[in-house]
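Report on the structure given below.
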Amino acid sequence: MTQNPIHGTITLRMPLLTAVMMLHLCFGMYYDAGLDAFATSPQFDILDKTDLTPPQQIQQRLDQHCGDCHRGTSFEGDFNLDQLTSGNTEEQLQTLAKMEEQLHLALMPPADSPRFPESARDEVMQWLHQKLDIHNASTLNGKLAQPEYGNYLDHQKLFSGEFTHLKGFTYDRRWLISEYIFDAKINELLNHRPFQTIDGTRQYVIGDNNRRAPITNPFLLPSRIGVRYYANETLNAGHLLTMMANAKEISAYMVELVKRDKRYLPAIDEFMRQQWEHQSTLSSRREFLTNHIERVLQEISGYDEGDWLPIFEPVNLSQPSAATADSVKKAAFHAANPGMQEMILIFHTMQHVQSSSRSDDELIEQCERRWFNFGDDARRIESRVTFLRQYLPEFREQIETHRYAQKYKQRPYQPLPDPEMHVIVQTIKKHRRKGDHFNEIIDACILDWDKEFEQQRQQSDRISEGQITKLTEQLFVKLHHRFPTQDEAKSYTPLIQGYLDSMTRIDAIEQVIQTIILRSEFVYRQEFGRGDSDQWGRTILDPRDASHAIAFALTDSAPDEELAAAASSGRLWTREDYRREVERILKNRNQYYVIDEAVQRLQLTASITNQPIRKLRFFREFFGYPSLLSIFKDNKRFGGHYDNSKGRLVGEADRLVEHILQSDENVLEKLLGSDAYYVYHSGDNEAMRTASERIKTIYDYFHPLNWQDFEKEDLLDHKDFLAEVKMRGVDVNNLSPGGRRNPIREFKTAMESFSLRFDKGQTAAAPYVSFPAHGPYNASTRTGLQLRSPEVAKFFNIHLDNWHYPSAQPAPVNNRRGMLSHPAWLIAHAKNTETDPISRGKWIREKLLAGTVPDLPVTVDAVIPEDHHRTLRQRLEAKTSETACWKCHQKMNPLGLPFEVFDDFGRFRTRESLEHPDNLISKGPDKAAPHVDLRDQYKTLPIDSSGYLEGTGDPNLDGPVEDALDLIDRLGQSDRVRQSIIRHAFRYFLGRNELLSDSKTLIDADRAYQDSGGSFDAVIVSLLTSDSFMFRKTLPSATGNTKSTQL
Amino acid sequence: MGFGQPNTIGMTPSFDQNLPFRFIFIRKSNGIRPGELALPTFSDQEKSKDDHKEAFEADLEKHELPSWLSGLKPHKEHLGILQGLSCKMSENGHYSYSSVMGAFKSGRNSLSGIKRATADFELAKLSPSPFGHVELSLTGNYSSFRTGIVPGYSAPAAHQRNYCYADPQTAFDELFKSVVDPASVNSENRMLQFLESEEAYKVSAIQGYERLKLTNHISSIDAIRQRNREVAAHAELIQRHLPVLNPVHQDGGINASTPEKQEAMTDILIAALATRLTNVVTYTIDELSTPIRGLPGNESDRISIHELGHNGGYSGVPAEKIREKIRVGHIKQIAKIIEQLKQIPEGTGSMFDRTMIFYFPENGETHHSHGTEAPFIVLAGNASPINLAGRYLRLPYHATPEHKTLGNWYTTLLNAFGNPISHYGDLDLEMSRKKLTQIGPIHQLLT
């Protein structure tokens, strides 16, 4: 509040920060200009602050431009200005918030009504902002910060060059980690380093999160199509609750890691060293005694097993009745054995008693006696005996096949050093009692030693303050990648001391780890400026924060060694420094990533890349094709096994994007316009050629030989050839059918399958397996697994029984152009059972034309009526042609309807199938080989794929379009489309919506793309070396932030 | 309304609207074959309809139960058998993972495939409690049981997986920690207090949206502290209902038999409800990899449920018999839950009045299921608004007019207990292809 020097009354100034934020968000204006404008704008008396009734001048504006439709009893759109005077405060504020949104987003007045003059609109807006800010009731600010509102900043202004003098920056911020960063962080913390065999070489991969510790990822990104990871999100109680459970698992796991290797966290080892040494001694004594107690006891004078051990009591087991046992199918060995650990123990016991047993029954009895002598749990003994009685022959075979004798050798008896043996013998003497089982003697000894060790520790093992400080430091470095500040170290000392005083040492350490994990810093990335401000009030990003910002822009992992070293050695201050590091990471092809674990899980699809993962992920999210995985579709309507094929479809879309990014030339043009695709292909041309040629060789060899009439023995005439080509199930050295293998049947099955792929004169055929089989065969994925799901070809209208298979891919496919006609994109923008021209059109409007489509009003019934005599287009047009609907649908339908040349599985078509029982012409088979189309046939109507392109800003491109391919061709030539993709790239890499002050950054990125011959790497370098990325402003009212000590 | 007879201890059913409803979901593996639920005393006509999967209804009061359900005979008035639902929109085959309780395809056990909060979590929102929801499981790796806290199958929200207590001792320690291990609770509270003050110090220096990020962190900590306080306020109740665990369950209970583990989990489940720590429990009583040990008649066999699905027998006992014995064991636990809850007074009746128990196969009708059948055995207290008690109800078969899916069933439950959702879950695609109506609740269960 300020004193008005003229009138002497108190006037209200909008809180500075809110004003800044709001002006940024609402007008996309450089904030100083915004503040100046505000400073000279009319101000309203403080006495009005709770009075939400518009003052007279505002009232007049509203009456003039809004009153006709939104006053009185017949108001429109569920919005009545009378609420401003008659409603309660809450209703008044809701009305104001709605007005603010409608005016800002230029949704009102409607296009067919007189527009608000600019000055009048500004005046009303100023009043609305002020009133809503007082009550913190604006919904606009939050909305405009969301990615889906990014396009409300005028595209022409942004790229006009008029605002390039404005200096780009981002506010200091904390950015909640993403699901990917969380996983990478946890994997690094827990030393989880998964490997995969890729192209025959074992490679470390990031993104394979099959950890041993059960950690739940609470930071999942929204599933929307488009940029998903923004700096707007905040942690909530759900996150924290999950993180508490995670912290417990992580802390226990970390302590285990120290046990394995003290270098992991030496301070913990120092805390625990004596205790762990004691535990190690106890465990080695236990192991020694468990293996050799009989021998040790024998060597103690006066011990005789017969006198000292309890009398043997065999377990009482009923034998299976012979009558039923023969008629009942016996469970397989693998389903009846008691588990690996138990089998090893049984094996060792069998070895031990082997020499004294003359028959199987005696062997089992000797084993049982030994377990009894040890005092093993009676149920376990029963289970072991039952297993041996029923599965001894199978177990012996297992022992032989799996080389138990070599793999699970028992240590021969070797006396321990004299002092240790002395301790053991003395303690045994002290505790042995007649009637004790061996385990009772061992347990009593262990208990004795444990007590003794504990006493020793109580006397000698004290924790110093220095050790506590060291623990704090090491944990901060491990968990936050920095040393604690002095204040932090100071506050953690009494906390840790308190933990140590109230719980066991191990529990206390785990609790300290949990505490540090639950700090906000663990889940928020920090991006703060550092040093002196420049003349525009900006500071350069703190080098440590910059190193994280660069690393997380391109990968999911913390800075690599080089980047961290650059930050700590003063080599991450300048634009050139940034460029050097960004280019280095972009060029790196030595690190593999899992693109999508969900894809990887489906039908063994290899989902890997060695591109920096976030570059590839941008296009996955931008196009949104992975969303098809959650769309549930009918196998029957697909005409094959859709669920088996969808993973391969997404995987091959990924491979196409990766291929285009790898060339890094005209990336956007190729993504939108290339007619080449991967279809049932591993990505390895040479391997696919070999696999395809192999089946052709087999076909060519047998084709003239009347193989259909072959008997088993005929195969022997072709022994050399078959040995060379190795047909599955056909072992020429053993032609007797055994188990599921019948060589002649499998030979013919394969030949039938090959014939249907070659009989029509095909030059090459897809190398898929001819019958269900495990393991690699014919063709493999790049990770060495069986290449499955040839039915992926059906999405592309390719018939497996009539396909000149191109081994070198990507290869041209008819009636396709780029990602927008890739079936993955088309399905992701379709519904379960029909196409979705609205979502296809909306995607083009928003993602390619930088346009806007208002939110769907809640009152709208957005269901297209069923009518099985009309096409979807006819039904949609009937529904959306009403004026109220068309206002928005004109932005989507003309762009989406040309895609009606593709059905909801992405198949090209000229006629639409009217799928309704009344229209059924013929039923397809329910089950058949992959090349067969299982679809039912229905009556059809011709497709109308005409549409209209409006919004490129280029009169040569805008206008009527024939179909999707015509539309795609035009979009591919549009500057606006290119710029729109770059706007989305900006949002993706900076985690926020662009502002007018980012105009230069965007224009530079666009120019970098064009000057480099269409390099997307050039776009990324340009964005990550821009002022918008490098410079920060402190929020005006902030007085500081938590600065970290440099490593 | 499907209210049954007054309960065994003669209390008036409790219709107090302020009292919460409770829901117990018991998931079993390996399917329930439709014939296994057929009533032995069906008339020829009823039997024919049941065999041919035609819609009909029978009054349980007039029929004998299949022998494996005889443990529920004393509770027949609360029992409903629902046949003919389908679950093709969830995962079928061996496992359904999270999908059977969310009516979606989850892409096997993929986290990204979890489309929405599962129905049990939706019901938990309608019956709030300090824990909100508790999940228990007895699962394993074929030869040994899993222990500790493991990922569960229920989902609190899209792309989220719940935690689950995998052995009785862990469940006991975690649920009743405030009483059995107050020192641990105190240390957690001390940690939260420290974190709150640490974040509060940082927040004092910042403004605007960035401030909101830290204040949210603080309120999250505070919310958990508040939950801990609420749990602490239940100390007296916990003391009263604290179960006594057999020492065989210590350290993961490696020597405990499967029936012993089930007994102990049942005790914990009952206590979790009786102490009012939760009103919803989801309990995976077994899955294909759960080892079966100590089963009466096969005490010393290590039985694989998966192998039973492939008709492998043990010690001369055929798979079919062993599968039945496993189910008998499950039913014994359900009967115990009912009996115990009936003993706990609540309002003017007992705790069971406002309880519903659902026992169902997680994957549908058989070992390798297709999802055309998803049978449910339902036990409902007298105040339940679901009209199924005392009825054997077979709904029209999959993809025929009036057929009902798992989605319709969950919609029925949600609507009945206060969530007006028009349809919960994904639609059945064959029904869609045939243009059959499939949205909304099963009205005949709501009347």
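Starting from 1 in every chain, residues are counted up; chains themselves are A, B, ... following the order of the structure tokens, and ligands are numbered from 1 as listed.
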Query - Spatial neighbours of region 373-378 of chain A, max dist 10 Å, only C-alpha atoms, sep filter under 2 positions, as a ChimeraX atom specification - result: /A:290,293-294,305,309-315,367-371,380-384,435-442 /B:255,300
Based on the selection just made, write C-alpha atoms of those residues as an mmCIF file, in the first residue's frame.
```cif
data_model
loop_
_atom_site.group_PDB
_atom_site.id
_atom_site.type_symbol
_atom_site.label_atom_id
_atom_site.label_comp_id
_atom_site.auth_asym_id
_atom_site.auth_seq_id
_atom_site.Cartn_x
_atom_site.Cartn_y
_atom_site.Cartn_z
ATOM 1 C CA THR A 290 27.077 -76.082 10.526
ATOM 2 C CA ILE A 293 30.134 -79.795 13.994
ATOM 3 C CA GLU A 294 30.165 -83.574 13.946
ATOM 4 C CA GLU A 305 26.894 -89.059 19.403
ATOM 5 C CA LEU A 309 22.181 -86.765 20.700
ATOM 6 C CA PRO A 310 18.474 -87.256 21.278
ATOM 7 C CA ILE A 311 16.938 -90.501 20.129
ATOM 8 C CA PHE A 312 16.008 -90.390 16.458
ATOM 9 C CA GLU A 313 12.313 -89.957 15.789
ATOM 10 C CA PRO A 314 11.461 -90.372 12.125
ATOM 11 C CA VAL A 315 8.810 -88.171 10.593
ATOM 12 C CA CYS A 367 19.537 -87.856 5.332
ATOM 13 C CA GLU A 368 16.577 -87.636 7.639
ATOM 14 C CA ARG A 369 18.676 -88.739 10.575
ATOM 15 C CA ARG A 370 21.216 -86.064 9.872
ATOM 16 C CA TRP A 371 18.557 -83.343 9.665
ATOM 17 C CA ARG A 380 11.142 -78.948 6.584
ATOM 18 C CA ILE A 381 12.337 -82.468 7.212
ATOM 19 C CA GLU A 382 8.947 -83.818 6.208
ATOM 20 C CA SER A 383 8.994 -81.787 3.049
ATOM 21 C CA ARG A 384 12.537 -82.910 2.131
ATOM 22 C CA GLY A 435 19.870 -84.427 24.390
ATOM 23 C CA ASP A 436 20.794 -81.287 22.463
ATOM 24 C CA HIS A 437 20.531 -81.242 18.698
ATOM 25 C CA PHE A 438 23.536 -79.777 16.892
ATOM 26 C CA ASN A 439 21.676 -76.565 16.098
ATOM 27 C CA GLU A 440 20.903 -76.049 19.775
ATOM 28 C CA ILE A 441 24.581 -76.272 20.620
ATOM 29 C CA ILE A 442 25.459 -73.887 17.787
ATOM 30 C CA ASN B 255 8.598 -72.346 8.537
ATOM 31 C CA SER B 300 4.558 -82.366 3.455
#
```
Query raised in the report: Near chain A, which residues of chain B fall within 7 Å when you count only C-alpha atoms, and what do they look like as a PyMOL selection string?
Result: chain B and resi 105+110+112-113+143+150-151+159+191+195+205-208+210+213+216-217+220-221+223+300-304+307+311-318+429+433-435
Query raised in the report: Mind pulling up the distance from CA of Ala272 (chain B) to CA of Phe104 (chain B)?
Result: 29.0 Å
Query raised in the report: Can you list every residue in region 685-916 of chain A that DSSP puts in alpha helix (DSSP H), as a ChimeraX atom specification?
Result: /A:685-702,719-725,743-758,823-828,837-843,872-880,883-889,893-896
Requested in this report: Give me every strand (DSSP E or B) residue in region 290-416 of chain B, going by DSSP on the backbone, as JSON, numbers by chain.
Outcome: {"B": [291, 292, 293, 294, 295, 298, 299, 300, 301, 302, 303, 304, 313, 314, 317, 345, 346, 349, 350, 355, 356, 357, 358, 359, 360, 361, 369, 376, 377, 378, 379, 380, 391, 392, 393, 394, 405]}
Emit the selected residues as a CSV table (one decimal), in the first residue's frame, including N, CA and C atoms.
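Done, and the output landed in out-v8.csv:
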```
chain,number,residue,atom,x,y,z
B,291,PRO,N,3.5,-70.5,-2.6
B,291,PRO,CA,3.7,-71.9,-2.3
B,291,PRO,C,2.6,-72.4,-1.4
B,292,ILE,N,2.2,-73.6,-1.6
B,292,ILE,CA,1.2,-74.1,-0.7
B,292,ILE,C,1.9,-75.2,0.1
B,293,ARG,N,2.0,-75.0,1.4
B,293,ARG,CA,2.6,-76.0,2.3
B,293,ARG,C,1.7,-76.3,3.5
B,294,GLY,N,1.7,-77.5,3.9
B,294,GLY,CA,0.9,-77.8,5.1
B,294,GLY,C,-0.5,-77.9,4.8
B,295,LEU,N,-0.9,-78.2,3.6
B,295,LEU,CA,-2.3,-78.3,3.3
B,295,LEU,C,-2.8,-79.7,3.8
B,298,ASN,N,-2.0,-83.1,2.4
B,298,ASN,CA,-0.8,-83.0,1.6
B,298,ASN,C,0.3,-82.2,2.4
B,299,GLU,N,0.3,-82.5,3.7
B,299,GLU,CA,1.1,-81.6,4.6
B,299,GLU,C,2.5,-81.4,4.2
B,300,SER,N,3.1,-82.5,3.7
B,300,SER,CA,4.6,-82.4,3.5
B,300,SER,C,4.9,-82.1,2.0
B,301,ASP,N,3.9,-81.8,1.2
B,301,ASP,CA,4.1,-81.5,-0.2
B,301,ASP,C,4.4,-80.0,-0.4
B,302,ARG,N,5.2,-79.7,-1.3
B,302,ARG,CA,5.4,-78.2,-1.7
B,302,ARG,C,4.6,-78.1,-3.0
B,303,ILE,N,3.4,-77.5,-2.8
B,303,ILE,CA,2.5,-77.5,-4.0
B,303,ILE,C,2.6,-76.2,-4.7
B,304,SER,N,2.6,-76.3,-6.0
B,304,SER,CA,2.5,-75.1,-6.9
B,304,SER,C,1.1,-74.9,-7.4
B,313,GLY,N,-0.9,-83.4,-10.0
B,313,GLY,CA,-1.3,-83.8,-8.6
B,313,GLY,C,-0.1,-84.0,-7.7
B,314,TYR,N,-0.4,-84.1,-6.4
B,314,TYR,CA,0.7,-84.3,-5.4
B,314,TYR,C,0.4,-85.4,-4.5
B,317,VAL,N,-2.8,-87.2,-4.8
B,317,VAL,CA,-4.0,-86.5,-4.7
B,317,VAL,C,-4.2,-85.7,-6.0
B,345,PRO,N,-19.6,-55.2,18.7
B,345,PRO,CA,-20.8,-54.4,18.6
B,345,PRO,C,-20.5,-53.1,17.9
B,346,GLU,N,-21.4,-52.6,17.2
B,346,GLU,CA,-21.3,-51.3,16.5
B,346,GLU,C,-22.7,-50.7,16.4
B,349,GLY,N,-26.1,-52.6,16.2
B,349,GLY,CA,-25.9,-54.0,15.8
B,349,GLY,C,-24.4,-54.4,15.9
B,350,SER,N,-23.9,-55.1,14.9
B,350,SER,CA,-22.5,-55.5,15.0
B,350,SER,C,-21.7,-54.9,13.8
B,355,THR,N,-20.5,-54.3,6.6
B,355,THR,CA,-19.4,-54.9,5.9
B,355,THR,C,-19.8,-55.7,4.7
B,356,MET,N,-18.9,-55.6,3.7
B,356,MET,CA,-19.1,-56.4,2.5
B,356,MET,C,-17.8,-57.2,2.2
B,357,ILE,N,-17.9,-58.4,1.9
B,357,ILE,CA,-16.7,-59.2,1.6
B,357,ILE,C,-16.9,-59.8,0.2
B,358,PHE,N,-15.9,-59.6,-0.6
B,358,PHE,CA,-15.9,-60.0,-2.0
B,358,PHE,C,-14.8,-61.1,-2.2
B,359,TYR,N,-15.1,-62.2,-2.6
B,359,TYR,CA,-14.1,-63.3,-2.8
B,359,TYR,C,-14.2,-63.6,-4.3
B,360,PHE,N,-13.1,-63.5,-5.0
B,360,PHE,CA,-13.2,-63.7,-6.4
B,360,PHE,C,-11.9,-64.1,-7.0
B,361,PRO,N,-11.9,-64.7,-8.2
B,361,PRO,CA,-10.7,-65.1,-8.8
B,361,PRO,C,-10.1,-63.8,-9.6
B,369,SER,N,-7.5,-68.0,-18.2
B,369,SER,CA,-8.9,-67.5,-18.5
B,369,SER,C,-9.0,-66.7,-19.7
B,376,PHE,N,-18.2,-63.8,-8.7
B,376,PHE,CA,-17.9,-63.2,-7.4
B,376,PHE,C,-18.8,-63.9,-6.3
B,377,ILE,N,-18.1,-64.2,-5.2
B,377,ILE,CA,-18.9,-64.6,-4.0
B,377,ILE,C,-18.9,-63.4,-3.1
B,378,VAL,N,-20.1,-63.0,-2.7
B,378,VAL,CA,-20.3,-61.8,-1.9
B,378,VAL,C,-21.0,-62.1,-0.6
B,379,LEU,N,-20.4,-61.5,0.4
B,379,LEU,CA,-21.1,-61.7,1.8
B,379,LEU,C,-21.3,-60.3,2.3
B,380,ALA,N,-22.6,-60.0,2.5
B,380,ALA,CA,-23.0,-58.6,2.8
B,380,ALA,C,-23.7,-58.6,4.1
B,391,ARG,N,-29.0,-64.9,-2.8
B,391,ARG,CA,-29.4,-65.1,-4.3
B,391,ARG,C,-28.2,-65.8,-5.0
B,392,TYR,N,-28.5,-66.7,-5.8
B,392,TYR,CA,-27.6,-67.2,-6.9
B,392,TYR,C,-28.1,-66.5,-8.1
B,393,LEU,N,-27.3,-65.6,-8.7
B,393,LEU,CA,-27.7,-64.9,-9.8
B,393,LEU,C,-26.8,-65.1,-11.0
B,394,ARG,N,-27.3,-65.7,-12.0
B,394,ARG,CA,-26.5,-65.8,-13.3
B,394,ARG,C,-27.0,-64.8,-14.3
B,405,THR,N,-20.7,-56.5,-17.2
B,405,THR,CA,-19.2,-56.7,-17.1
B,405,THR,C,-18.8,-56.3,-15.7
```
Report task. Excluding region 841-858 of chain A and residues on its chain fewer than 4 positions from it, collect all residues at most 8 Å away from it, counting only C-alpha atoms, and give them as a PyMOL selection string. Result -> chain A and resi 107+149+151-152+155+226+622+837+888+891-897+951-952+971+976-978+980-981+984
